[in-house]
>>> print(open('coords.cif').read())   # mmCIF, C-alpha atoms
data_query
#
loop_
_atom_site.label_atom_id
_atom_site.label_comp_id
_atom_site.auth_asym_id
_atom_site.auth_seq_id
_atom_site.Cartn_x
_atom_site.Cartn_y
_atom_site.Cartn_z
CA MET A 179 283.41 -50.56 255.28
CA THR A 180 281.50 -47.36 255.86
CA SER A 181 277.92 -47.35 254.58
CA GLY A 182 275.30 -44.70 254.18
CA THR A 183 271.77 -44.86 255.47
CA HIS A 184 270.59 -46.66 252.34
CA ILE A 185 272.36 -49.65 250.86
CA PRO A 186 271.14 -50.52 247.35
CA THR A 187 270.46 -54.21 246.91
CA THR A 188 271.69 -54.27 243.33
CA ASP A 189 273.20 -52.14 240.59
CA LEU A 190 274.47 -52.64 237.05
CA TRP A 191 277.68 -54.34 238.18
CA SER A 192 276.26 -56.61 240.86
CA GLN A 193 273.32 -57.61 238.67
CA TRP A 194 275.69 -58.88 236.00
CA LEU A 195 278.36 -60.36 238.26
CA LEU A 196 275.94 -62.28 240.44
CA TYR A 197 273.16 -63.10 237.97
CA GLY A 198 273.27 -61.77 234.40
CA ARG A 199 276.33 -63.62 233.16
CA PHE A 200 274.98 -67.01 234.30
CA ALA A 201 271.56 -67.06 232.58
CA ASP A 202 270.11 -68.65 235.75
CA ASP A 203 271.73 -71.95 234.77
CA ALA A 204 273.68 -73.91 237.41
CA GLN A 205 275.77 -75.88 234.92
CA PHE A 206 276.78 -72.76 233.04
CA ARG A 207 277.56 -70.98 236.33
CA GLN A 208 280.00 -73.75 237.18
CA ALA A 209 281.60 -73.60 233.73
CA VAL A 210 282.06 -69.83 234.07
CA ARG A 211 283.60 -70.30 237.50
CA VAL A 212 286.17 -72.74 236.12
CA MET A 213 287.04 -70.24 233.38
CA VAL A 214 287.35 -67.35 235.86
CA ASP A 215 289.49 -69.45 238.19
CA ARG A 216 291.92 -69.89 235.31
CA TYR A 217 292.13 -66.11 234.87
CA VAL A 218 292.75 -65.62 238.59
CA GLU A 219 295.55 -68.17 238.71
CA ARG A 220 297.29 -66.59 235.73
CA LEU A 221 296.88 -63.15 237.29
CA LEU A 222 298.39 -64.14 240.63
CA ASN A 223 301.13 -66.21 239.01
CA GLY A 224 302.27 -62.98 237.36
CA ALA A 225 303.03 -61.36 240.72
CA PRO A 226 302.54 -63.84 243.57
CA PRO A 227 301.49 -62.31 246.90
CA ALA A 228 303.79 -63.07 249.83
CA PRO A 229 303.17 -63.42 253.57
CA GLY A 230 303.15 -60.11 255.41
CA GLN A 231 302.42 -58.03 252.32
CA THR A 232 299.56 -55.60 251.70
CA VAL A 233 297.62 -56.09 248.46
CA VAL A 234 294.99 -53.92 246.78
CA ASP A 235 292.39 -55.76 244.72
CA VAL A 236 290.95 -53.00 242.52
CA GLY A 237 287.40 -53.62 241.33
CA ALA A 238 287.27 -56.62 243.63
CA GLY A 239 283.74 -57.66 242.68
CA ASP A 240 282.88 -60.86 244.52
CA GLY A 241 286.37 -60.90 246.08
CA LEU A 242 287.62 -63.96 244.24
CA VAL A 243 291.11 -62.56 243.53
CA ALA A 244 291.52 -61.22 247.07
CA PHE A 245 290.44 -64.47 248.70
CA ARG A 246 292.66 -66.55 246.45
CA ALA A 247 295.59 -64.27 247.34
CA ILE A 248 294.88 -64.88 251.03
CA GLU A 249 294.74 -68.64 250.41
CA ARG A 250 298.15 -68.44 248.74
CA ALA A 251 299.94 -66.13 251.16
CA GLY A 252 298.28 -67.05 254.44
CA PRO A 253 296.96 -65.24 257.53
CA THR A 254 299.51 -62.40 257.57
CA LEU A 255 298.45 -61.01 254.18
CA LYS A 256 296.37 -57.82 254.31
CA VAL A 257 294.04 -56.98 251.44
CA TRP A 258 292.20 -53.84 250.42
CA LEU A 259 289.10 -54.68 248.38
CA THR A 260 287.96 -51.65 246.40
CA ASP A 261 284.98 -51.41 244.08
CA ILE A 262 282.67 -48.79 242.60
CA SER A 263 279.68 -50.99 243.49
CA GLU A 264 278.39 -50.80 247.04
CA PRO A 265 276.28 -53.96 246.67
CA MET A 266 279.32 -55.90 245.49
CA LEU A 267 281.40 -54.69 248.43
CA HIS A 268 278.73 -55.87 250.85
CA HIS A 269 278.56 -59.20 249.04
CA ALA A 270 282.36 -59.55 249.23
CA GLU A 271 282.35 -58.62 252.90
CA ALA A 272 279.77 -61.33 253.61
CA GLN A 273 282.00 -63.78 251.74
CA ALA A 274 285.00 -62.70 253.83
CA VAL A 275 283.05 -63.39 257.01
CA GLU A 276 281.97 -66.78 255.71
CA ARG A 277 285.59 -67.63 254.84
CA ALA A 278 286.80 -66.41 258.26
CA VAL A 279 289.19 -63.87 256.70
CA ARG A 280 287.29 -60.65 257.51
CA ASN A 281 290.10 -59.47 259.82
CA GLN A 282 292.52 -59.52 256.85
CA CYS A 283 290.27 -57.36 254.64
CA THR A 284 289.54 -53.65 254.33
CA PHE A 285 286.68 -52.58 252.07
CA LEU A 286 286.63 -49.26 250.22
CA GLN A 287 284.07 -47.92 247.75
CA ARG A 288 286.11 -46.13 245.09
CA PRO A 289 286.46 -46.14 241.29
CA ALA A 290 289.70 -47.55 239.91
CA ASP A 291 291.04 -44.12 238.94
CA ARG A 292 290.44 -42.52 242.37
CA LEU A 293 291.74 -44.59 245.26
CA GLU A 294 291.48 -41.92 247.96
CA GLY A 295 291.76 -43.54 251.35
CA ILE A 296 294.79 -45.62 250.42
CA ALA A 297 297.98 -43.78 251.35
CA ASP A 298 300.85 -43.08 248.99
CA ALA A 299 303.54 -45.79 248.85
CA SER A 300 301.68 -48.02 251.30
CA VAL A 301 301.08 -51.33 249.50
CA ASP A 302 303.20 -54.06 247.97
CA LEU A 303 300.98 -55.31 245.16
CA VAL A 304 298.02 -54.06 243.12
CA VAL A 305 295.94 -56.60 241.26
CA THR A 306 292.90 -56.13 239.06
CA ARG A 307 290.84 -58.33 236.77
CA SER A 308 288.35 -57.17 234.13
CA VAL A 309 288.15 -53.65 235.56
CA LEU A 310 290.29 -51.30 233.45
CA ALA A 311 288.21 -52.34 230.42
CA TYR A 312 285.39 -50.18 231.80
CA VAL A 313 287.51 -47.21 232.90
CA ALA A 314 287.52 -44.28 230.49
CA ASP A 315 290.97 -42.98 231.51
CA LYS A 316 293.07 -46.10 231.94
CA THR A 317 296.29 -44.14 232.36
CA ALA A 318 294.75 -42.25 235.30
CA ALA A 319 293.84 -45.54 236.95
CA LEU A 320 297.34 -46.91 236.41
CA ARG A 321 298.80 -43.72 237.89
CA GLU A 322 296.69 -44.36 241.00
CA PHE A 323 298.08 -47.89 241.17
CA HIS A 324 301.57 -46.41 240.88
CA ARG A 325 300.83 -43.85 243.62
CA VAL A 326 299.72 -46.36 246.27
CA LEU A 327 302.57 -48.80 245.60
CA LYS A 328 305.74 -48.80 247.64
CA PRO A 329 308.97 -48.37 245.65
CA GLY A 330 309.63 -51.73 244.06
CA GLY A 331 305.97 -52.72 244.37
CA ARG A 332 304.25 -54.55 241.52
CA ILE A 333 301.04 -54.64 239.55
CA SER A 334 299.40 -57.63 237.92
CA VAL A 335 296.53 -56.88 235.55
CA ALA A 336 294.22 -59.20 233.58
CA GLU A 337 291.85 -57.56 231.12
CA PRO A 338 289.58 -58.77 228.32
CA VAL A 339 290.32 -57.43 224.85
CA TYR A 340 287.01 -56.59 223.16
CA GLN A 341 288.37 -54.58 220.26
CA ASP A 342 288.12 -57.49 217.82
CA ASP A 343 284.44 -57.96 218.70
CA ALA A 344 283.79 -54.29 217.99
CA LEU A 345 285.73 -54.38 214.73
CA ALA A 346 283.73 -57.45 213.67
CA ALA A 347 280.47 -55.61 214.40
CA ALA A 348 281.73 -52.63 212.41
CA ALA A 349 282.72 -54.87 209.50
CA ILE A 350 279.24 -56.39 209.36
CA ARG A 351 277.71 -52.92 209.40
CA SER A 352 280.03 -51.75 206.63
CA SER A 353 279.16 -54.79 204.52
CA ILE A 354 275.44 -54.15 204.95
CA ASP A 355 275.82 -50.44 204.17
CA CYS A 356 277.65 -51.30 200.94
CA THR A 357 274.94 -53.72 199.79
CA PRO A 358 271.80 -52.47 198.03
CA PRO A 359 268.72 -53.03 200.24
CA GLU A 360 267.18 -55.50 197.81
CA HIS A 361 270.28 -57.73 198.00
CA ARG A 362 270.88 -57.67 201.76
CA ASN A 363 270.88 -60.97 203.58
CA ALA A 364 268.16 -61.05 206.24
CA LEU A 365 270.17 -63.16 208.70
CA THR A 366 273.25 -60.94 208.35
CA THR A 367 271.08 -57.93 209.18
CA LEU A 368 269.82 -59.65 212.34
CA VAL A 369 273.32 -60.67 213.37
CA HIS A 370 274.36 -57.04 213.01
CA ARG A 371 271.51 -55.85 215.26
CA TRP A 372 272.61 -58.36 217.87
CA LYS A 373 276.30 -57.48 217.75
CA ALA A 374 275.69 -53.71 217.54
CA ALA A 375 273.60 -53.85 220.72
CA GLN A 376 276.54 -55.37 222.61
CA TYR A 377 279.57 -53.69 221.00
CA PRO A 378 280.21 -50.34 219.24
CA ASP A 379 279.90 -50.79 215.49
CA THR A 380 281.41 -47.65 213.94
CA GLU A 381 284.88 -46.14 214.11
CA GLU A 382 283.51 -43.14 216.02
CA LYS A 383 281.73 -45.31 218.57
CA ILE A 384 284.78 -47.55 219.01
CA LEU A 385 287.01 -44.55 219.73
CA LYS A 386 284.58 -43.36 222.42
CA SER A 387 284.05 -46.79 224.01
CA PRO A 388 286.23 -47.73 227.01
CA ILE A 389 285.72 -51.43 226.31
CA ALA A 390 286.77 -51.23 222.66
CA ASN A 391 289.15 -48.30 222.13
CA TYR A 392 292.30 -50.08 223.29
CA SER A 393 294.42 -53.05 222.28
CA GLU A 394 296.96 -54.99 224.30
CA ARG A 395 299.68 -52.69 222.92
CA ASP A 396 297.79 -49.64 224.13
CA MET A 397 297.55 -51.13 227.62
CA ILE A 398 301.30 -51.59 227.95
CA ARG A 399 301.78 -48.02 226.71
CA PHE A 400 299.31 -46.70 229.31
CA ALA A 401 301.31 -48.44 232.05
CA GLN A 402 304.60 -47.06 230.77
CA VAL A 403 303.17 -43.52 230.67
CA ALA A 404 301.93 -44.04 234.25
CA GLY A 405 305.55 -44.54 235.34
CA PHE A 406 305.95 -48.31 235.56
CA THR A 407 309.12 -50.17 234.64
CA GLU A 408 309.98 -53.82 233.96
CA LEU A 409 306.78 -54.20 231.98
CA HIS A 410 305.75 -57.55 230.59
CA LEU A 411 302.55 -58.23 228.67
CA GLU A 412 301.14 -61.48 227.32
CA LEU A 413 298.10 -61.72 225.08
CA HIS A 414 296.36 -65.05 225.57
CA ILE A 415 294.01 -66.12 222.80
CA ASP A 416 292.28 -69.34 223.77
CA ILE A 417 290.09 -71.15 221.25
CA LEU A 418 288.30 -73.77 223.28
CA PRO A 419 285.12 -75.85 223.22
CA SER A 420 282.25 -73.48 223.90
CA ILE A 421 280.88 -73.54 227.44
CA VAL A 422 277.50 -72.40 226.08
CA ARG A 423 275.66 -75.65 225.48
CA SER A 424 272.03 -74.59 225.25
CA TRP A 425 269.96 -72.02 223.39
CA ASN A 426 268.51 -70.75 226.68
CA VAL A 427 271.97 -69.94 228.04
CA PHE A 428 273.00 -68.38 224.74
CA ILE A 429 270.13 -65.89 224.63
CA ASN A 430 269.93 -65.13 228.36
CA SER A 431 273.59 -64.57 229.21
CA SER A 432 275.58 -61.50 228.18
CA PRO A 433 279.30 -61.10 227.44
CA HIS A 434 279.92 -58.09 229.69
CA PRO A 435 278.02 -55.85 232.14
CA LEU A 436 277.20 -53.17 229.55
CA ALA A 437 275.68 -55.63 227.06
CA PRO A 438 272.01 -56.62 227.11
CA PRO A 439 271.35 -60.35 226.70
CA LEU A 440 270.28 -61.53 223.28
CA SER A 441 266.79 -62.35 224.58
CA VAL A 442 266.24 -58.65 225.32
CA ILE A 443 267.67 -57.61 221.95
CA MET A 444 265.38 -60.00 220.11
CA THR A 445 262.33 -58.83 222.04
CA GLU A 446 263.06 -55.16 221.46
CA GLN A 447 264.50 -55.21 217.93
CA PHE A 448 263.26 -58.34 216.13
CA ALA A 449 259.81 -58.90 214.66
CA PRO A 450 258.28 -62.33 215.44
CA GLU A 451 259.21 -63.74 212.04
CA GLU A 452 262.76 -62.39 212.46
CA ARG A 453 263.08 -64.14 215.81
CA GLN A 454 262.00 -67.39 214.17
CA LEU A 455 264.52 -66.98 211.35
CA PHE A 456 267.31 -66.13 213.76
CA GLU A 457 266.66 -69.11 216.06
CA ARG A 458 266.18 -71.50 213.17
CA SER A 459 269.54 -70.43 211.70
CA MET A 460 271.61 -69.94 214.83
CA ARG A 461 270.39 -72.58 217.27
CA PRO A 462 272.01 -75.54 215.49
CA ILE A 463 275.32 -73.66 215.46
CA VAL A 464 275.10 -72.81 219.17
CA GLU A 465 274.12 -76.32 220.25
CA ASP A 466 276.61 -78.11 218.00
CA PRO A 467 278.82 -80.25 220.30
CA LYS A 468 281.83 -79.16 218.22
CA ALA A 469 281.17 -75.44 218.73
CA VAL A 470 284.15 -73.38 219.90
CA SER A 471 284.59 -69.93 221.39
CA THR A 472 287.47 -67.46 221.28
CA ASP A 473 288.66 -65.81 224.47
CA ARG A 474 291.12 -62.89 224.42
CA MET A 475 292.76 -61.77 227.66
CA LEU A 476 295.85 -59.67 228.27
CA TYR A 477 298.06 -60.17 231.30
CA LEU A 478 300.30 -57.25 232.28
CA THR A 479 302.88 -57.14 235.05
CA ALA A 480 305.10 -54.19 235.93
CA ARG A 481 307.02 -52.66 238.78
CA LYS A 482 307.29 -49.26 240.43
CA GLN A 483 310.90 -48.08 240.26
CA PRO A 484 312.71 -49.13 243.47
CA ALA A 485 314.01 -46.31 245.66
#
>>> encode(input="coords.cif", output="structure tokens")
Amino acid sequence: MTSGTHIPTTDLWSQWLLYGRFADDAQFRQAVRVMVDRYVERLLNGAPPAPGQTVVDVGAGDGLVAFRAIERAGPTLKVWLTDISEPMLHHAEAQAVERAVRNQCTFLQRPADRLEGIADASVDLVVTRSVLAYVADKTAALREFHRVLKPGGRISVAEPVYQDDALAAAAIRSSIDCTPPEHRNALTTLVHRWKAAQYPDTEEKILKSPIANYSERDMIRFAQVAGFTELHLELHIDILPSIVRSWNVFINSSPHPLAPPLSVIMTEQFAPEERQLFERSMRPIVEDPKAVSTDRMLYLTARKQPA
């Protein structure tokens, strides 16, 4: 990849991808990796890469999807790894060298909706995981995917669906607003502060938020507008035992790159007695061995019309 004279060591995206989501906890890091591996397998099962093809991994991050595609398709697969984050591209390039696949990889610093540098109708497959969620104009990004694909080429997309989290935050806010101050529940108020710091909590904010202003049905519509055919979308809702097993992980990890961890929220927005109330009430729930979590991911595959 081409670099400037100054290479930043970290940015918002690399800080979260490499550190923030793991809460500096080795056991939790491993649990997250197992979960992410499941996403990657589902993504590539939707449109398996084949030997001799060229694949674009949009928003490649640490390169996990690209490297797994190479493992599947072998040494003749060529992969473009694009990302908006220069630090992440350098991290992925180092990983490619370590895996001895650097000669199969091309690195390009670009946002998902502007893939200049990749020629029209030049690739066989575009894959992306947890990237379009942060793109304001998702249709524009999908049009770029359509542009770089050869006729008959395919996309496979895996994206989190955060709209329910935002609607839940908005519902808590609405409930509080409708309750006279003297009758408001102190814990509910604290839960709202927490959720509102991580997700938009009003209809206006939701409509303006890239992570919350779409549903799985919107995503398939965006792809259809972008020109794709043979569209197939699956919404996977997995309710599983929680991988968060300790209070420390719970307060020091964050659900997405734009969300501050709960520890920061509590420091900035909770008085000392509020922090005590919150921990006293929530910690037993978090550390309950029977605790579960809900994961919502959409998987979309589609094709560019053959010539």
>>> closest_residue(input="coords.cif", among="A:Val279, A:Met475, A:Val309, A:Ala228", to="Pro338 of chain A", atoms="only C-alpha atoms")
A:Met475
>>> resolve_selection(input="coords.cif", expression="the PyMOL selection byres ((chain A and resi 346) around 12)", output="list of chain:residue names")
A:Tyr340, A:Gln341, A:Asp342, A:Asp343, A:Ala344, A:Leu345, A:Ala347, A:Ala348, A:Ala349, A:Ile350, A:Arg351, A:Ser352, A:Ser353, A:Val369, A:His370, A:Trp372, A:Lys373, A:Ala374, A:Gln376, A:Tyr377, A:Pro378, A:Asp379, A:Thr380, A:Glu381, A:Ile384, A:Ala390
>>> resolve_selection(input="coords.cif", expression="the PyMOL selection byres ((chain A and resi 461) around 10)", output="PyMOL selection string")
chain A and resi 424-426+428-429+456-460+462-466
>>> resolve_selection(input="coords.cif", expression="the PyMOL selection byres ((chain A and resi 393) around 10)", output="PyMOL selection string")
chain A and resi 338-342+389-392+394-399+413+476
>>> closest_residue(input="coords.cif", among="A:Ala364, A:Asp291, A:Pro358, A:Leu259", to="Leu455 of chain A", atoms="only C-alpha atoms")
A:Ala364
>>> closest_residue(input="coords.cif", among="A:Arg288, A:Gln231, A:Glu276, A:Ser334", to="Val243 of chain A", atoms="only C-alpha atoms")
A:Ser334
>>> build_atoms(input="coords.cif", residues="segment 281-315 of chain A", atoms="N, CA and C atoms", output="PDB file, in the coordinates of the input")
ATOM      1  N   ASN A 281     289.096 -60.283 259.130  1.00  0.00           N
ATOM      2  CA  ASN A 281     290.100 -59.470 259.820  1.00  0.00           C
ATOM      3  C   ASN A 281     291.279 -59.124 258.925  1.00  0.00           C
ATOM      4  N   GLN A 282     291.427 -59.813 257.783  1.00  0.00           N
ATOM      5  CA  GLN A 282     292.520 -59.520 256.850  1.00  0.00           C
ATOM      6  C   GLN A 282     292.105 -58.536 255.759  1.00  0.00           C
ATOM      7  N   CYS A 283     290.828 -58.131 255.759  1.00  0.00           N
ATOM      8  CA  CYS A 283     290.270 -57.360 254.640  1.00  0.00           C
ATOM      9  C   CYS A 283     289.829 -55.974 255.066  1.00  0.00           C
ATOM     10  N   THR A 284     290.075 -55.007 254.195  1.00  0.00           N
ATOM     11  CA  THR A 284     289.540 -53.650 254.330  1.00  0.00           C
ATOM     12  C   THR A 284     288.771 -53.338 253.062  1.00  0.00           C
ATOM     13  N   PHE A 285     287.552 -52.808 253.211  1.00  0.00           N
ATOM     14  CA  PHE A 285     286.680 -52.580 252.070  1.00  0.00           C
ATOM     15  C   PHE A 285     286.536 -51.081 251.827  1.00  0.00           C
ATOM     16  N   LEU A 286     286.634 -50.678 250.561  1.00  0.00           N
ATOM     17  CA  LEU A 286     286.630 -49.260 250.220  1.00  0.00           C
ATOM     18  C   LEU A 286     285.871 -49.055 248.919  1.00  0.00           C
ATOM     19  N   GLN A 287     284.842 -48.201 248.958  1.00  0.00           N
ATOM     20  CA  GLN A 287     284.070 -47.920 247.750  1.00  0.00           C
ATOM     21  C   GLN A 287     284.725 -46.777 246.992  1.00  0.00           C
ATOM     22  N   ARG A 288     285.419 -47.116 245.913  1.00  0.00           N
ATOM     23  CA  ARG A 288     286.110 -46.130 245.090  1.00  0.00           C
ATOM     24  C   ARG A 288     286.183 -46.646 243.655  1.00  0.00           C
ATOM     25  N   PRO A 289     286.166 -45.736 242.667  1.00  0.00           N
ATOM     26  CA  PRO A 289     286.460 -46.140 241.290  1.00  0.00           C
ATOM     27  C   PRO A 289     287.955 -46.410 241.140  1.00  0.00           C
ATOM     28  N   ALA A 290     288.316 -47.130 240.098  1.00  0.00           N
ATOM     29  CA  ALA A 290     289.700 -47.550 239.910  1.00  0.00           C
ATOM     30  C   ALA A 290     290.661 -46.380 239.718  1.00  0.00           C
ATOM     31  N   ASP A 291     290.158 -45.252 239.205  1.00  0.00           N
ATOM     32  CA  ASP A 291     291.040 -44.120 238.940  1.00  0.00           C
ATOM     33  C   ASP A 291     291.069 -43.099 240.074  1.00  0.00           C
ATOM     34  N   ARG A 292     290.408 -43.419 241.205  1.00  0.00           N
ATOM     35  CA  ARG A 292     290.440 -42.520 242.370  1.00  0.00           C
ATOM     36  C   ARG A 292     290.439 -43.379 243.637  1.00  0.00           C
ATOM     37  N   LEU A 293     291.625 -43.696 244.115  1.00  0.00           N
ATOM     38  CA  LEU A 293     291.740 -44.590 245.260  1.00  0.00           C
ATOM     39  C   LEU A 293     292.013 -43.819 246.550  1.00  0.00           C
ATOM     40  N   GLU A 294     291.336 -42.673 246.722  1.00  0.00           N
ATOM     41  CA  GLU A 294     291.480 -41.920 247.960  1.00  0.00           C
ATOM     42  C   GLU A 294     291.137 -42.817 249.149  1.00  0.00           C
ATOM     43  N   GLY A 295     291.932 -42.679 250.195  1.00  0.00           N
ATOM     44  CA  GLY A 295     291.760 -43.540 251.350  1.00  0.00           C
ATOM     45  C   GLY A 295     292.890 -44.545 251.484  1.00  0.00           C
ATOM     46  N   ILE A 296     293.601 -44.777 250.387  1.00  0.00           N
ATOM     47  CA  ILE A 296     294.790 -45.620 250.420  1.00  0.00           C
ATOM     48  C   ILE A 296     295.999 -44.698 250.298  1.00  0.00           C
ATOM     49  N   ALA A 297     296.874 -44.737 251.266  1.00  0.00           N
ATOM     50  CA  ALA A 297     297.980 -43.780 251.350  1.00  0.00           C
ATOM     51  C   ALA A 297     299.025 -44.026 250.254  1.00  0.00           C
ATOM     52  N   ASP A 298     299.740 -42.970 249.926  1.00  0.00           N
ATOM     53  CA  ASP A 298     300.850 -43.080 248.990  1.00  0.00           C
ATOM     54  C   ASP A 298     301.860 -44.111 249.491  1.00  0.00           C
ATOM     55  N   ALA A 299     302.426 -44.882 248.560  1.00  0.00           N
ATOM     56  CA  ALA A 299     303.540 -45.790 248.850  1.00  0.00           C
ATOM     57  C   ALA A 299     303.279 -46.673 250.066  1.00  0.00           C
ATOM     58  N   SER A 300     302.071 -47.266 250.104  1.00  0.00           N
ATOM     59  CA  SER A 300     301.680 -48.020 251.300  1.00  0.00           C
ATOM     60  C   SER A 300     301.414 -49.497 251.040  1.00  0.00           C
ATOM     61  N   VAL A 301     301.428 -49.936 249.781  1.00  0.00           N
ATOM     62  CA  VAL A 301     301.080 -51.330 249.500  1.00  0.00           C
ATOM     63  C   VAL A 301     302.151 -51.986 248.642  1.00  0.00           C
ATOM     64  N   ASP A 302     302.163 -53.306 248.678  1.00  0.00           N
ATOM     65  CA  ASP A 302     303.200 -54.060 247.970  1.00  0.00           C
ATOM     66  C   ASP A 302     302.766 -54.524 246.579  1.00  0.00           C
ATOM     67  N   LEU A 303     301.465 -54.717 246.399  1.00  0.00           N
ATOM     68  CA  LEU A 303     300.980 -55.310 245.160  1.00  0.00           C
ATOM     69  C   LEU A 303     299.587 -54.779 244.856  1.00  0.00           C
ATOM     70  N   VAL A 304     299.356 -54.418 243.599  1.00  0.00           N
ATOM     71  CA  VAL A 304     298.020 -54.060 243.120  1.00  0.00           C
ATOM     72  C   VAL A 304     297.619 -55.069 242.058  1.00  0.00           C
ATOM     73  N   VAL A 305     296.457 -55.648 242.240  1.00  0.00           N
ATOM     74  CA  VAL A 305     295.940 -56.600 241.260  1.00  0.00           C
ATOM     75  C   VAL A 305     294.562 -56.140 240.802  1.00  0.00           C
ATOM     76  N   THR A 306     294.232 -56.455 239.563  1.00  0.00           N
ATOM     77  CA  THR A 306     292.900 -56.130 239.060  1.00  0.00           C
ATOM     78  C   THR A 306     292.568 -57.033 237.895  1.00  0.00           C
ATOM     79  N   ARG A 307     291.302 -57.431 237.829  1.00  0.00           N
ATOM     80  CA  ARG A 307     290.840 -58.330 236.770  1.00  0.00           C
ATOM     81  C   ARG A 307     289.537 -57.818 236.177  1.00  0.00           C
ATOM     82  N   SER A 308     289.549 -57.594 234.858  1.00  0.00           N
ATOM     83  CA  SER A 308     288.350 -57.170 234.130  1.00  0.00           C
ATOM     84  C   SER A 308     287.738 -55.915 234.742  1.00  0.00           C
ATOM     85  N   VAL A 309     288.570 -54.919 234.961  1.00  0.00           N
ATOM     86  CA  VAL A 309     288.150 -53.650 235.560  1.00  0.00           C
ATOM     87  C   VAL A 309     288.557 -52.477 234.673  1.00  0.00           C
ATOM     88  N   LEU A 310     289.827 -52.417 234.274  1.00  0.00           N
ATOM     89  CA  LEU A 310     290.290 -51.300 233.450  1.00  0.00           C
ATOM     90  C   LEU A 310     289.532 -51.227 232.128  1.00  0.00           C
ATOM     91  N   ALA A 311     288.994 -52.350 231.670  1.00  0.00           N
ATOM     92  CA  ALA A 311     288.210 -52.340 230.420  1.00  0.00           C
ATOM     93  C   ALA A 311     287.064 -51.350 230.473  1.00  0.00           C
ATOM     94  N   TYR A 312     286.558 -51.058 231.664  1.00  0.00           N
ATOM     95  CA  TYR A 312     285.390 -50.180 231.800  1.00  0.00           C
ATOM     96  C   TYR A 312     285.751 -48.781 232.278  1.00  0.00           C
ATOM     97  N   VAL A 313     287.041 -48.508 232.429  1.00  0.00           N
ATOM     98  CA  VAL A 313     287.510 -47.210 232.900  1.00  0.00           C
ATOM     99  C   VAL A 313     287.865 -46.343 231.701  1.00  0.00           C
ATOM    100  N   ALA A 314     287.293 -45.145 231.639  1.00  0.00           N
ATOM    101  CA  ALA A 314     287.520 -44.280 230.490  1.00  0.00           C
ATOM    102  C   ALA A 314     288.996 -43.854 230.383  1.00  0.00           C
ATOM    103  N   ASP A 315     289.572 -43.437 231.507  1.00  0.00           N
ATOM    104  CA  ASP A 315     290.970 -42.980 231.510  1.00  0.00           C
ATOM    105  C   ASP A 315     291.824 -44.046 232.176  1.00  0.00           C
TER     106      ASP A 315
END
